[in-house]
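Reproduced below: structure.csv, with CSV, C-alpha atoms.
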```csv
chain,number,residue,atom,x,y,z
A,14,MET,CA,-40.8,-50.9,61.3
A,15,GLY,CA,-42.1,-53.2,58.5
A,16,VAL,CA,-41.4,-56.9,58.2
A,17,PRO,CA,-38.9,-57.6,55.4
A,18,ILE,CA,-40.3,-59.6,52.5
A,19,LYS,CA,-37.9,-62.1,50.9
A,20,PHE,CA,-37.4,-65.5,49.5
A,21,LEU,CA,-37.6,-68.0,52.4
A,22,THR,CA,-36.6,-70.9,50.1
A,23,LEU,CA,-33.7,-70.1,47.7
A,24,PRO,CA,-33.6,-71.4,44.2
A,25,ASP,CA,-31.4,-74.3,43.2
A,26,PRO,CA,-27.9,-72.9,42.5
A,27,ARG,CA,-27.9,-74.6,39.1
A,28,SER,CA,-31.4,-73.6,38.1
A,29,GLU,CA,-32.5,-71.2,35.4
A,30,LEU,CA,-34.2,-69.0,38.0
A,31,GLN,CA,-30.9,-68.7,39.8
A,32,PHE,CA,-29.1,-67.4,36.7
A,33,LEU,CA,-32.0,-65.0,35.9
A,34,LEU,CA,-31.3,-63.4,39.2
A,35,LEU,CA,-27.6,-63.2,38.7
A,36,GLN,CA,-28.0,-61.8,35.2
A,37,LYS,CA,-30.5,-59.2,36.6
A,38,TRP,CA,-27.8,-58.0,39.1
A,39,LEU,CA,-25.3,-57.7,36.4
A,40,ASP,CA,-27.6,-55.8,34.0
A,41,ASP,CA,-28.8,-53.5,36.8
A,42,CYS,CA,-25.1,-52.7,37.6
A,43,ASN,CA,-24.3,-52.1,33.9
A,44,LYS,CA,-27.2,-49.6,33.6
A,45,ASN,CA,-27.5,-47.9,36.9
A,46,HIS,CA,-24.1,-47.7,38.5
A,47,PRO,CA,-22.1,-45.1,36.6
A,48,ASP,CA,-19.9,-44.4,39.6
A,49,HIS,CA,-17.8,-47.5,38.9
A,50,SER,CA,-15.7,-45.4,36.3
A,51,ARG,CA,-16.0,-48.4,33.9
A,52,ASP,CA,-18.2,-49.2,31.0
A,53,PHE,CA,-19.0,-52.9,31.3
A,54,SER,CA,-20.8,-52.9,28.0
A,55,LYS,CA,-17.3,-52.6,26.3
A,56,GLU,CA,-14.9,-55.4,25.8
A,57,HIS,CA,-11.4,-55.2,27.4
A,58,GLU,CA,-8.1,-56.7,26.4
A,59,LEU,CA,-8.1,-60.4,27.5
A,60,PRO,CA,-5.4,-61.7,29.8
A,61,THR,CA,-2.4,-63.6,28.2
A,62,ARG,CA,-4.3,-66.9,28.5
A,63,VAL,CA,-7.9,-67.6,29.3
A,64,LEU,CA,-10.0,-70.8,29.5
A,65,ASP,CA,-12.4,-71.0,26.5
A,66,VAL,CA,-15.5,-72.5,28.1
A,67,GLY,CA,-17.3,-73.2,24.9
A,68,SER,CA,-21.0,-73.8,25.6
A,69,SER,CA,-23.3,-76.1,27.6
A,70,ARG,CA,-24.3,-77.8,24.3
A,71,ASP,CA,-20.8,-79.3,24.2
A,72,PRO,CA,-19.7,-79.5,27.9
A,73,GLU,CA,-16.5,-81.3,27.2
A,74,LYS,CA,-15.2,-78.7,24.8
A,75,LEU,CA,-12.7,-76.7,26.8
A,76,ARG,CA,-9.2,-75.4,26.0
A,77,LEU,CA,-6.7,-72.7,26.9
A,78,TYR,CA,-6.8,-69.8,24.6
A,79,VAL,CA,-3.9,-67.5,23.9
A,80,ALA,CA,-5.5,-64.1,23.5
A,81,GLY,CA,-2.7,-62.3,21.7
A,82,GLY,CA,-4.0,-58.9,22.6
A,83,LYS,CA,-7.6,-59.6,21.5
A,84,ARG,CA,-10.5,-58.1,23.4
A,85,GLY,CA,-13.5,-59.7,25.0
A,86,ARG,CA,-15.4,-60.4,28.2
A,87,TYR,CA,-14.1,-62.8,30.8
A,88,ILE,CA,-14.9,-63.8,34.3
A,89,ALA,CA,-12.2,-64.3,36.9
A,90,LEU,CA,-12.3,-66.9,39.7
A,91,SER,CA,-11.1,-66.2,43.2
A,92,HIS,CA,-10.5,-69.4,45.1
A,93,CYS,CA,-8.6,-71.0,47.9
A,94,TRP,CA,-5.8,-73.3,46.8
A,95,GLY,CA,-5.7,-74.9,50.3
A,96,GLY,CA,-2.7,-77.0,49.6
A,97,ALA,CA,-4.7,-79.3,47.3
A,98,ASN,CA,-3.8,-80.1,43.7
A,99,THR,CA,-5.1,-77.2,41.7
A,100,PHE,CA,-4.7,-78.8,38.3
A,101,PRO,CA,-1.8,-76.5,37.4
A,102,THR,CA,-0.7,-75.8,33.8
A,103,THR,CA,3.0,-76.5,33.4
A,104,ARG,CA,5.4,-76.3,30.5
A,105,ALA,CA,4.9,-80.1,30.1
A,106,ASN,CA,1.1,-79.9,29.6
A,107,LEU,CA,0.7,-76.5,28.1
A,108,GLU,CA,0.6,-77.6,24.4
A,109,ALA,CA,-2.0,-80.3,25.1
A,110,ARG,CA,-4.2,-77.8,27.0
A,111,LEU,CA,-4.1,-75.4,24.2
A,112,ASP,CA,-5.8,-78.1,22.1
A,113,ARG,CA,-8.3,-79.6,24.7
A,114,ILE,CA,-9.0,-79.9,28.4
A,115,GLU,CA,-11.4,-82.6,29.6
A,116,PHE,CA,-14.2,-81.1,31.8
A,117,SER,CA,-14.3,-84.2,33.9
A,118,GLN,CA,-10.6,-83.7,34.9
A,119,LEU,CA,-11.1,-80.3,36.3
A,120,PRO,CA,-11.3,-79.9,40.1
A,121,LYS,CA,-14.9,-79.4,41.4
A,122,SER,CA,-14.6,-75.6,42.0
A,123,PHE,CA,-13.3,-75.2,38.4
A,124,GLN,CA,-16.2,-77.2,37.0
A,125,ASP,CA,-18.6,-75.0,39.0
A,126,ALA,CA,-16.9,-71.8,37.7
A,127,VAL,CA,-17.2,-73.1,34.1
A,128,TYR,CA,-20.9,-73.8,34.7
A,129,VAL,CA,-21.5,-70.3,36.0
A,130,THR,CA,-19.5,-68.6,33.3
A,131,ARG,CA,-21.5,-70.5,30.5
A,132,ASN,CA,-24.8,-69.7,32.1
A,133,LEU,CA,-24.0,-66.0,32.3
A,134,GLY,CA,-23.3,-66.1,28.6
A,135,ILE,CA,-19.6,-65.3,28.9
A,136,ARG,CA,-17.1,-67.3,26.8
A,137,PHE,CA,-13.9,-66.9,28.7
A,138,LEU,CA,-12.8,-67.7,32.3
A,139,TRP,CA,-9.5,-66.7,34.0
A,140,ILE,CA,-8.2,-69.1,36.7
A,141,ASP,CA,-4.7,-68.4,38.1
A,142,SER,CA,-3.4,-71.9,38.4
A,143,LEU,CA,-4.8,-72.8,35.0
A,144,CYS,CA,-4.0,-69.7,32.9
A,145,ILE,CA,-0.5,-69.0,34.4
A,146,VAL,CA,2.3,-71.5,33.7
A,147,GLN,CA,3.3,-72.9,37.1
A,148,LYS,CA,6.7,-74.1,38.1
A,149,ALA,CA,6.6,-77.9,38.1
A,150,ASP,CA,9.7,-78.6,40.3
A,151,GLU,CA,12.8,-76.9,41.6
A,152,HIS,CA,14.6,-77.5,38.2
A,153,ASP,CA,11.9,-75.6,36.3
A,154,ASN,CA,11.9,-71.9,35.8
A,155,ASP,CA,9.1,-69.6,36.9
A,156,ASP,CA,9.5,-66.9,34.2
A,157,ASP,CA,5.8,-67.0,33.2
A,158,TRP,CA,4.7,-66.7,36.8
A,159,ASN,CA,7.0,-63.8,37.5
A,160,HIS,CA,5.7,-62.0,34.5
A,161,GLU,CA,1.9,-62.7,34.9
A,162,SER,CA,1.9,-62.0,38.7
A,163,LYS,CA,2.8,-58.4,37.9
A,164,LEU,CA,-0.4,-58.1,35.8
A,165,MET,CA,-2.9,-59.0,38.5
A,166,GLU,CA,-4.2,-55.5,38.9
A,167,THR,CA,-5.2,-55.3,35.2
A,168,VAL,CA,-6.5,-58.8,35.0
A,169,LEU,CA,-8.9,-58.4,38.0
A,170,ALA,CA,-9.9,-54.8,37.2
A,171,ASN,CA,-10.9,-55.7,33.6
A,172,ALA,CA,-12.9,-58.8,34.4
A,173,TYR,CA,-16.6,-58.5,33.6
A,174,CYS,CA,-17.2,-60.0,37.1
A,175,THR,CA,-15.3,-62.0,39.7
A,176,ILE,CA,-16.7,-65.3,41.0
A,177,ALA,CA,-15.5,-65.9,44.6
A,178,ALA,CA,-15.6,-69.5,45.9
A,179,THR,CA,-16.0,-68.0,49.4
A,180,SER,CA,-16.9,-71.1,51.4
A,181,ALA,CA,-14.6,-73.6,49.6
A,182,ALA,CA,-11.5,-74.6,51.5
A,183,ASN,CA,-9.8,-75.9,48.4
A,184,SER,CA,-10.4,-76.3,44.6
A,185,HIS,CA,-11.9,-79.7,45.0
A,186,GLU,CA,-14.8,-78.8,47.2
A,187,GLY,CA,-16.9,-76.9,44.7
A,188,PHE,CA,-19.1,-73.9,45.6
A,189,LEU,CA,-22.6,-74.6,44.1
A,190,ASP,CA,-23.8,-77.0,46.7
A,191,ARG,CA,-25.9,-75.6,49.6
A,192,HIS,CA,-25.4,-76.3,53.2
A,193,PRO,CA,-29.1,-76.4,54.5
A,194,SER,CA,-29.6,-74.5,57.7
A,195,GLY,CA,-32.2,-77.0,58.9
A,196,HIS,CA,-34.8,-74.2,59.5
A,197,ARG,CA,-38.0,-74.5,57.6
A,198,PRO,CA,-40.5,-71.6,57.1
A,199,VAL,CA,-43.7,-71.8,59.1
A,200,LYS,CA,-47.1,-71.1,57.4
A,201,LEU,CA,-49.5,-69.0,59.3
A,202,GLN,CA,-53.1,-68.6,58.2
A,203,GLY,CA,-55.8,-66.1,59.2
A,204,ILE,CA,-58.8,-64.2,58.2
A,205,GLY,CA,-58.6,-60.5,57.4
A,206,LYS,CA,-61.0,-57.9,56.0
A,207,ALA,CA,-60.3,-59.2,52.5
A,208,GLY,CA,-60.9,-62.8,53.5
A,209,PRO,CA,-58.5,-65.7,54.3
A,210,PHE,CA,-54.8,-65.2,54.0
A,211,SER,CA,-51.6,-67.1,54.4
A,212,VAL,CA,-48.1,-65.9,55.3
A,213,TYR,CA,-44.8,-67.7,55.7
A,214,ILE,CA,-42.3,-66.8,58.4
A,215,GLY,CA,-38.8,-67.9,58.4
A,216,ARG,CA,-35.4,-67.3,60.0
A,217,ASN,CA,-33.3,-64.4,58.6
A,218,THR,CA,-30.3,-66.0,56.8
A,219,ASP,CA,-28.7,-62.8,55.5
A,220,ASN,CA,-25.4,-62.4,57.3
A,221,PHE,CA,-22.8,-60.9,55.0
A,222,ASP,CA,-20.3,-60.4,57.8
A,223,HIS,CA,-20.4,-64.0,58.8
A,224,ASP,CA,-20.7,-65.6,55.3
A,225,VAL,CA,-18.2,-63.4,53.5
A,226,GLU,CA,-16.1,-61.3,55.8
A,227,GLU,CA,-15.4,-64.2,58.1
A,228,GLY,CA,-15.5,-66.8,55.3
A,229,ILE,CA,-12.7,-69.2,54.5
A,230,LEU,CA,-11.6,-67.3,51.4
A,231,SER,CA,-11.4,-64.0,53.2
A,232,GLN,CA,-8.7,-65.5,55.5
A,233,ARG,CA,-6.3,-66.0,52.5
A,234,GLY,CA,-3.6,-63.6,51.4
A,235,TRP,CA,-4.1,-63.9,47.7
A,236,ALA,CA,-7.9,-63.4,47.9
A,237,PHE,CA,-7.4,-60.1,49.8
A,238,GLN,CA,-6.2,-58.2,46.7
A,239,GLU,CA,-8.5,-60.2,44.4
A,240,ARG,CA,-11.5,-58.8,46.2
A,241,ALA,CA,-10.1,-55.2,46.5
A,242,LEU,CA,-9.2,-55.0,42.8
A,243,SER,CA,-12.4,-56.6,41.4
A,244,PRO,CA,-15.0,-54.0,40.5
A,245,ARG,CA,-17.8,-56.4,41.3
A,246,THR,CA,-17.9,-59.9,42.8
A,247,LEU,CA,-20.4,-62.7,43.2
A,248,HIS,CA,-19.7,-64.4,46.5
A,249,PHE,CA,-20.8,-68.1,46.6
A,250,THR,CA,-21.1,-68.9,50.3
A,251,ALA,CA,-22.4,-72.0,52.1
A,252,THR,CA,-25.9,-70.4,52.6
A,253,GLN,CA,-26.5,-68.1,49.6
A,254,ILE,CA,-25.0,-65.9,46.9
A,255,TYR,CA,-24.1,-62.3,47.6
A,256,TRP,CA,-23.5,-59.5,45.1
A,257,GLU,CA,-20.9,-56.9,45.9
A,258,CYS,CA,-20.0,-53.8,43.9
A,259,GLY,CA,-19.1,-50.2,44.9
A,260,SER,CA,-22.7,-49.3,45.1
A,261,VAL,CA,-24.5,-52.1,46.9
A,262,ILE,CA,-24.3,-55.5,48.5
A,263,ARG,CA,-27.3,-57.7,47.6
A,264,CYS,CA,-28.5,-60.9,49.1
A,265,GLU,CA,-29.9,-63.8,47.1
A,266,SER,CA,-32.9,-63.8,49.4
A,267,LEU,CA,-33.8,-60.3,48.1
A,268,GLY,CA,-34.4,-59.4,51.7
A,269,GLU,CA,-31.9,-56.6,52.1
A,270,ILE,CA,-29.7,-54.2,50.1
A,271,PHE,CA,-26.7,-53.0,52.0
A,272,LYS,CA,-24.7,-49.9,51.2
A,273,LEU,CA,-20.9,-50.2,50.8
A,274,SER,CA,-19.6,-50.9,54.3
A,275,ASN,CA,-16.1,-52.1,53.6
A,276,TRP,CA,-13.4,-50.5,51.4
A,277,LEU,CA,-12.5,-54.0,50.0
A,278,GLY,CA,-15.8,-53.9,48.1
A,279,ASP,CA,-15.0,-50.5,46.5
A,280,SER,CA,-15.3,-50.8,42.8
A,281,GLN,CA,-12.9,-47.8,42.4
A,282,PHE,CA,-10.6,-48.8,45.2
A,283,PRO,CA,-9.7,-46.7,47.0
A,284,GLN,CA,-11.5,-43.6,45.7
A,285,GLY,CA,-15.0,-44.7,46.6
A,286,ALA,CA,-14.1,-45.5,50.2
A,287,LEU,CA,-12.3,-42.2,50.6
A,288,ARG,CA,-15.4,-40.3,49.5
A,289,LEU,CA,-17.2,-41.8,52.4
A,290,ASP,CA,-14.4,-41.2,54.9
A,291,LYS,CA,-11.7,-38.6,53.9
A,292,THR,CA,-9.7,-39.3,57.0
A,293,LEU,CA,-8.8,-42.7,55.6
A,294,LYS,CA,-6.1,-41.4,53.3
A,295,GLN,CA,-3.5,-41.0,55.9
A,296,THR,CA,-4.0,-44.5,57.4
A,297,LEU,CA,-5.2,-46.5,54.4
A,298,PHE,CA,-1.9,-48.1,53.4
A,299,SER,CA,-1.0,-49.0,57.0
A,300,ASN,CA,-4.5,-50.5,57.6
A,301,ILE,CA,-4.1,-52.6,54.4
A,302,PHE,CA,-0.7,-53.9,55.1
A,303,ALA,CA,-1.5,-54.7,58.8
A,304,ARG,CA,-4.6,-56.6,57.7
A,305,TYR,CA,-2.9,-58.4,54.9
A,306,SER,CA,0.0,-59.5,57.3
A,307,SER,CA,-2.5,-61.6,59.3
A,308,LEU,CA,-3.8,-63.6,56.4
A,309,ALA,CA,-2.6,-67.1,55.4
A,310,LEU,CA,-0.4,-68.0,52.4
A,311,THR,CA,0.3,-71.6,51.3
A,312,VAL,CA,3.7,-70.5,50.1
A,313,PRO,CA,5.3,-67.9,52.6
A,314,SER,CA,7.6,-66.5,49.9
A,315,ASP,CA,4.5,-65.2,48.1
A,316,ARG,CA,4.1,-62.5,50.7
A,317,PRO,CA,5.5,-59.7,48.5
A,318,ILE,CA,3.8,-61.0,45.3
A,319,ALA,CA,0.3,-61.7,46.6
A,320,ILE,CA,-0.3,-58.0,47.3
A,321,SER,CA,1.8,-56.5,44.5
A,322,GLY,CA,-1.3,-55.6,42.4
A,323,LEU,CA,-2.9,-53.8,45.3
A,324,GLN,CA,0.4,-52.1,46.1
A,325,ASP,CA,0.5,-50.9,42.4
A,326,ARG,CA,-3.0,-49.4,42.8
A,327,MET,CA,-2.0,-47.5,45.9
A,328,ALA,CA,1.2,-46.2,44.3
A,329,SER,CA,-1.0,-44.8,41.5
A,330,PHE,CA,-3.4,-43.3,44.0
A,331,TYR,CA,-0.8,-41.8,46.3
A,332,GLN,CA,1.4,-40.8,43.4
A,333,THR,CA,4.4,-42.2,45.1
A,334,LYS,CA,6.6,-45.3,44.9
A,335,PHE,CA,6.0,-48.4,47.0
A,336,THR,CA,8.9,-50.8,47.6
A,337,TYR,CA,8.1,-53.9,49.6
A,338,GLY,CA,5.4,-52.2,51.7
A,339,ILE,CA,7.4,-49.0,52.2
A,340,ALA,CA,5.9,-45.8,50.7
A,341,GLN,CA,8.4,-43.2,49.6
A,342,SER,CA,6.1,-40.2,50.5
A,343,PHE,CA,5.3,-41.8,53.8
A,344,LEU,CA,8.8,-43.1,54.6
A,345,GLY,CA,8.7,-42.5,58.3
A,346,GLU,CA,5.2,-43.9,58.8
A,347,SER,CA,6.0,-46.9,56.7
A,348,LEU,CA,9.1,-47.8,58.7
A,349,LEU,CA,7.2,-47.6,61.9
A,350,TRP,CA,5.9,-51.1,61.7
A,351,LYS,CA,6.3,-53.6,64.5
A,352,ARG,CA,5.3,-57.1,65.5
A,353,LEU,CA,1.7,-57.6,66.6
A,354,GLY,CA,1.3,-59.9,69.6
A,355,ARG,CA,3.8,-62.2,71.2
A,356,GLU,CA,4.3,-64.6,68.3
A,357,PRO,CA,7.8,-64.1,66.9
A,358,MET,CA,8.3,-63.1,63.3
A,359,LYS,CA,10.5,-65.5,61.3
A,360,PRO,CA,12.6,-64.6,58.2
A,361,ILE,CA,11.2,-66.0,55.0
A,362,CYS,CA,13.3,-68.2,52.9
A,363,PHE,CA,12.9,-66.9,49.3
A,364,PRO,CA,13.9,-68.9,46.2
A,365,SER,CA,17.1,-67.9,44.5
A,366,SER,CA,15.2,-66.6,41.5
A,367,SER,CA,13.4,-64.0,43.6
A,368,PRO,CA,14.7,-60.5,44.2
A,369,ASP,CA,16.1,-59.9,47.7
A,370,VAL,CA,13.6,-58.5,50.1
A,371,PRO,CA,15.3,-56.0,52.4
A,372,SER,CA,15.4,-56.8,56.1
A,373,TRP,CA,13.8,-53.5,57.0
A,374,SER,CA,10.6,-54.6,55.2
A,375,TRP,CA,7.9,-56.5,57.1
A,376,MET,CA,7.5,-58.5,53.8
A,377,ALA,CA,10.8,-60.3,54.7
A,378,TYR,CA,9.1,-62.1,57.6
A,379,THR,CA,6.1,-64.2,58.6
A,380,GLY,CA,3.7,-62.9,61.1
A,381,ARG,CA,1.3,-60.1,61.9
A,382,ILE,CA,2.3,-56.5,62.1
A,383,CYS,CA,0.9,-53.2,63.3
A,384,TYR,CA,2.1,-49.6,63.2
A,385,GLY,CA,3.3,-47.4,66.0
A,386,ASN,CA,1.8,-44.1,66.9
A,387,PRO,CA,4.2,-41.2,66.7
A,388,PRO,CA,4.0,-38.4,69.3
A,389,LYS,CA,1.8,-35.5,68.7
A,390,ASN,CA,3.2,-32.4,66.9
A,391,HIS,CA,6.0,-34.5,65.4
A,392,THR,CA,7.8,-33.6,62.2
A,393,TRP,CA,9.1,-36.3,59.9
A,394,CYS,CA,12.6,-35.9,58.5
A,395,GLN,CA,12.4,-35.3,54.7
A,396,ASN,CA,16.0,-36.0,53.9
A,397,ILE,CA,16.0,-39.8,54.3
A,398,ARG,CA,16.8,-41.7,51.1
```

What would the structure in this file look like if it were written as structure tokens?
Amino acid sequence: MGVPIKFLTLPDPRSELQFLLLQKWLDDCNKNHPDHSRDFSKEHELPTRVLDVGSSRDPEKLRLYVAGGKRGRYIALSHCWGGANTFPTTRANLEARLDRIEFSQLPKSFQDAVYVTRNLGIRFLWIDSLCIVQKADEHDNDDDWNHESKLMETVLANAYCTIAATSAANSHEGFLDRHPSGHRPVKLQGIGKAGPFSVYIGRNTDNFDHDVEEGILSQRGWAFQERALSPRTLHFTATQIYWECGSVIRCESLGEIFKLSNWLGDSQFPQGALRLDKTLKQTLFSNIFARYSSLALTVPSDRPIAISGLQDRMASFYQTKFTYGIAQSFLGESLLWKRLGREPMKPICFPSSSPDVPSWSWMAYTGRICYGNPPKNHTWCQNIR
């Protein structure tokens, strides 16, 4: 087995070399990954509102842009709110932000996202708390949020790329600063047949499971569907940047290229994953809902909404209706959910403006779920309505 050759010292996250690498990944995917069922050279309809990032020549020139059905390229940001002030757009500040937003006022993660977007040559950036009008207080209405939250599948699927602030616990931490490992490469010298030589040996820092799968962002409910619905994602972790699409997972160190190992990274979710494992179809929706139920939400009443885009995708795939986590064509299996562990599930208090979530749905409660195993040779009743 050969020794892997890689970068032992990674480039500065804000350097020109760094963005040459990221652009190379994007270009390679554009040209050589036809299995994504999407032509990334074409422009798609923009979301209702996007952040116009201007250019690095005028870093303070930012504003919200109402697309009005226009087409273009945009990048989406997946980030952890973490209970911190996420610089929300409200009805009170919407008009002012359509005119101008001061770069210096943005939370650190938003500033980093603007920097990445500009250096990738993309004009527009979509950030949920900035581009969707948020409810300011209990007396305000959430009409815009209710409308836009139903469009999540389209917004994420049409993004040129998604930036994931994978290691940031909130929007103020930022994601372009490294956390040095403390391990320095060692230089070894010797003499071979061709004369003197030098090699550098360092610790392997490629660990996608630890850095991404177990990262802070991956423990959040909203980020779950953002990753699944994004055709390709740049994960900014504490140690390095990873590229994920339906074809490969790449490390910034250039040391390894991993094949798709998780259906969340499937750029055609769920078709690509099912091509690898055809047995997944019967258990996919229950696996998704069980995993999602274990993830954290800052606002518990977001439980039905934060997976609605993913539920829409599954409804299209299964050609059936999903209602609050219950699939019409798999009614018996869907209703066979139960509490996982000893922690009691508690009813969620939903705002008066939200539709009533039925008590027979796990979405009406907090807590983790799993699904029961029916006896062998069972037959589901088809007359339940």

Let me make sure I understand: among A:Leu119, A:Ile88, A:Cys93, A:Leu111, which one has the smallest atom-to-atom distance to Asn171 of chain A if we use all atoms listed in the file? A:Ile88

With all atoms listed in the file as the atoms that count, which of A:Gln147, A:Leu293, A:Gln253, A:Asp112 lies nearest to His223 of chain A? A:Gln253

Exercise: Ile114 of chain A partners within 10 Å, only C-alpha atoms, chain neighbours under 6 positions left out, as number ranges by chain: A: 64-66, 73-77

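The residues that lie within 7 Å of the point (-26.6, -52.0, 42.8), counting only C-alpha atoms, are Asp41, Cys42, His46, Cys258, Ser260 and Val261 of chain A.
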
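Of the residues under consideration (A:Gln341, A:Asn220, A:Ser184, A:Ser122), A:Ser184 shows the shortest atom-to-atom contact distance to Gly95 of chain A when counting all atoms listed in the file.
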
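Among A:Asn98, A:Asn390, A:Thr336, A:Ser266, the residue with the shortest atom-to-atom distance to Pro371 of chain A, counting all atoms listed in the file, is A:Thr336.
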
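Distances from A:Phe100, A:Phe116, A:Tyr173, A:Phe335 to Cys144 of chain A were compared using all atoms listed in the file, and the smallest one belongs to A:Phe100.
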
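We find atom CA of Phe221 of chain A and atom CA of Ile254 of chain A to be spaced 9.8 Å apart.
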
Atom CA of Asp71 of chain A to atom CA of Arg131 of chain A measures 10.8 Å

Just checking: using all atoms listed in the file, which residue out of A:Gln324, A:Ser180, A:Ser314, A:Ser117 ends up closest to Ala241 of chain A? A:Gln324

Nearby residues (all atoms listed in the file) at most 12 Å from Pro120 of chain A, same-chain spacing under 4 positions excluded, as a list in words: His92, Trp94, Ala97, Asn98, Thr99, Phe100, Pro101, Ile114, Glu115, Phe116, Gln124, Asp125, Ala126, Val127, Ile140, Ser142, Leu143, Ala181, Asn183, Ser184, His185, Glu186, Gly187 and Phe188 of chain A
